[in-house]
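*Asks:* Got a structure for you, written out below as structure tokens; questions coming shortly.
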Amino acid sequence: MSRRGGLVVWMVWGWLLSPACLPAAWGQLETWPLPSAPDYGPALYDGAPRDLENRAIPRQSGDVTFPADDPPSGTRYPAAVPFASAPVPCSDPYQWQLLPDGLLYKSYLASGREPRFATQWVYMRDHGWVWDVALGGRVGLLRYGTTDEIYPEGFQIDLEGAVFPRMDLEVNHDRDLMAVDFRVGVPWTVRQGPWEGKLAYYHISSHLGDELMVAYPLTTRINYVRDCVVLGVALRPHADLRLYTEAGWAFNTDGGAQPWEFQFGIDYSPAGPSGLCGAPFFAVNGHLREEVDYGGGLTVQTGWQWSSRTGHLFRAGMQYFNGMSDQRQFFANHEELIGMGIWYDY
């Protein structure tokens, strides 16, 4: 099977298998309450009269007449039923905020070149163990919007940056630096109800590791560069579920990079503070790039997560990648990686 055919098979497999991997997660979808609809438990009537002056007058509503007498002591009324729903538009007034808490358009969980703190120990077929690291993050600079901690709305400008080194963990290499990618960008983001949007600029460049050049003198370094404009859209049909897609066009390229790239995927990540017990997460990302004839890579992640009230997210779990390398010095090489990792997002 060709590489492209194999990539398509893995993408179809990932999408079809995802419901089977999350029985616990789907259970949470049916019981997650919105902050505006808490469950206070059954209401117990204590027998005290509710209206001493008018209790003899029957109360009517349409075709239904309610008895004037109070119900027997001990009568229980049904409590509010928790339900699953998409985020609803917030009624809080918009205001200017410098260095706001949280993000309106969060990084894709399974994307390999999103700014975050992360470390992954993965086994590469036909090579051995490698150590992929991400050192960076994304923060808000200025927002005109609400102050809600879990689902803020409005317009926001962010700043992002990250370094993505790869080290060789095989015995003969002793954590030699193989390559490192650098990324910096400025996203303009918006959120309204279940919809999120992003218009961003980012620069990425790639550099070959010194130790690898010493170990393999015939290896040729490429000057891979992309200056790219990105348009992204995301939808939350449920507060815990996010579907997204984006297109990027590079107006400046070098080293084999080509203008167009596309991303799409799904993130299941329970919203709100998780407490000490945490919750399961699951993510799938597809990344297609013109420079590899619109092939690309498929990433699948699953594991356990812990989240704070302001959206900080710590995850630990397993990762599988199949496709053309995310490490841009090796962008024309096919890789199959499987292993474990930890990820932290602001």
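Each chain of the structure tokens is named A, B, ... in the order shown, its residues numbered from 1; ligands are numbered from 1 in display order.
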Could the residues of range 104-204 of chain A that have an atom at most 8 Å from range 292-310 of chain A be listed as JSON lines, each with its closest atom pair and the distance in Å to one decimal, counting only C-alpha atoms and ordered by chain and ascending residue number?
*Replies:*
```
{"residue": "A:Ala110", "atom": "CA", "partner": "A:Thr299", "partner_atom": "CA", "distance": 6.1}
{"residue": "A:Ser111", "atom": "CA", "partner": "A:Thr299", "partner_atom": "CA", "distance": 7.2}
{"residue": "A:Glu149", "atom": "CA", "partner": "A:Thr310", "partner_atom": "CA", "distance": 5.1}
{"residue": "A:Ile150", "atom": "CA", "partner": "A:Thr310", "partner_atom": "CA", "distance": 6.0}
```
*Asks:* Near Leu241 in chain A, counting only C-alpha atoms, which residues have an atom at most 10 Å away, once you skip same-chain residues fewer than 5 positions from it, shown as number ranges by chain?
*Replies:* A: 29, 86, 235-236, 266-271, 281-283
*Asks:* Selection from above, C-alpha atoms, as a PDB file, in the first residue's frame, can you write it?
*Replies:*
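Okay, result_10.pdb is ready:
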```pdb
ATOM      1  CA  LEU A  29     -21.796  13.822  27.849  1.00  0.00           C
ATOM      2  CA  ALA A  86     -23.540  23.590  23.748  1.00  0.00           C
ATOM      3  CA  LEU A 235     -17.738  24.444  16.630  1.00  0.00           C
ATOM      4  CA  ARG A 236     -18.715  23.054  20.027  1.00  0.00           C
ATOM      5  CA  ILE A 266     -11.969  16.531  16.842  1.00  0.00           C
ATOM      6  CA  ASP A 267     -11.176  17.137  20.529  1.00  0.00           C
ATOM      7  CA  TYR A 268     -13.080  15.552  23.398  1.00  0.00           C
ATOM      8  CA  SER A 269     -11.984  17.352  26.576  1.00  0.00           C
ATOM      9  CA  PRO A 270     -14.373  17.806  29.545  1.00  0.00           C
ATOM     10  CA  ALA A 271     -14.769  21.503  30.303  1.00  0.00           C
ATOM     11  CA  PHE A 281      -9.728  12.939  26.846  1.00  0.00           C
ATOM     12  CA  PHE A 282      -9.504  11.910  23.214  1.00  0.00           C
ATOM     13  CA  ALA A 283      -8.217  13.810  20.171  1.00  0.00           C
TER      14      ALA A 283
END
```
*Asks:* Using only C-alpha atoms for the distances, tell me which of A:Glu261, A:Glu211, A:Asp345, A:Glu196 is nearest to Gly311 in chain A.
*Replies:*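 Closest residue, counting only C-alpha atoms: A:Asp345.
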*Asks:* Select, from A:Val139, A:Cys277, A:Leu199, A:Leu169, the residue with the minimum atom-to-atom distance to Gln120 in chain A, counting only C-alpha atoms.
*Replies:* A:Leu169
*Asks:* Residues near Phe331 in chain A, anyone? I mean within 10 Å using only C-alpha atoms, not counting same-chain ones fewer than 5 positions away, as an MDAnalysis selection string.
*Replies:* chainID A and resid 224 256:257 289 291:292 296 323:326
*Asks:* Restricting the calculation to only C-alpha atoms: of A:His312, A:Arg113, A:Lys106, A:Arg138, which residue gets closest to Gln327 in chain A?
*Replies:* A:Arg113
*Asks:* Using only C-alpha atoms, can you tell me which of A:Leu337, A:Ile342, A:Ile157, A:Ala134 comes closest to Lys198 in chain A?
*Replies:*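 For Lys198 in chain A, the nearest of the given residues is A:Ile157.
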*Asks:* Would you return as a list in words the members of range 56-298 of chain A that DSSP assigns to alpha helix (DSSP H) on this structure's backbone?
*Replies:*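 Result set for range 56-298 of chain A (alpha helix (DSSP H)): Asp210, Glu211, Leu212, Met213, Val214 and Ala215 of chain A.
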*Asks:* Export, as an mmCIF file, in the first residue's frame, the selected residues with C-alpha atoms.
*Replies:*
```cif
data_model
loop_
_atom_site.group_PDB
_atom_site.id
_atom_site.type_symbol
_atom_site.label_atom_id
_atom_site.label_comp_id
_atom_site.auth_asym_id
_atom_site.auth_seq_id
_atom_site.Cartn_x
_atom_site.Cartn_y
_atom_site.Cartn_z
ATOM 1 C CA ASP A 210 24.783 19.929 15.378
ATOM 2 C CA GLU A 211 25.276 16.427 16.780
ATOM 3 C CA LEU A 212 23.469 14.867 13.821
ATOM 4 C CA MET A 213 25.633 16.811 11.345
ATOM 5 C CA VAL A 214 28.769 15.584 13.144
ATOM 6 C CA ALA A 215 27.567 11.976 13.243
#
```
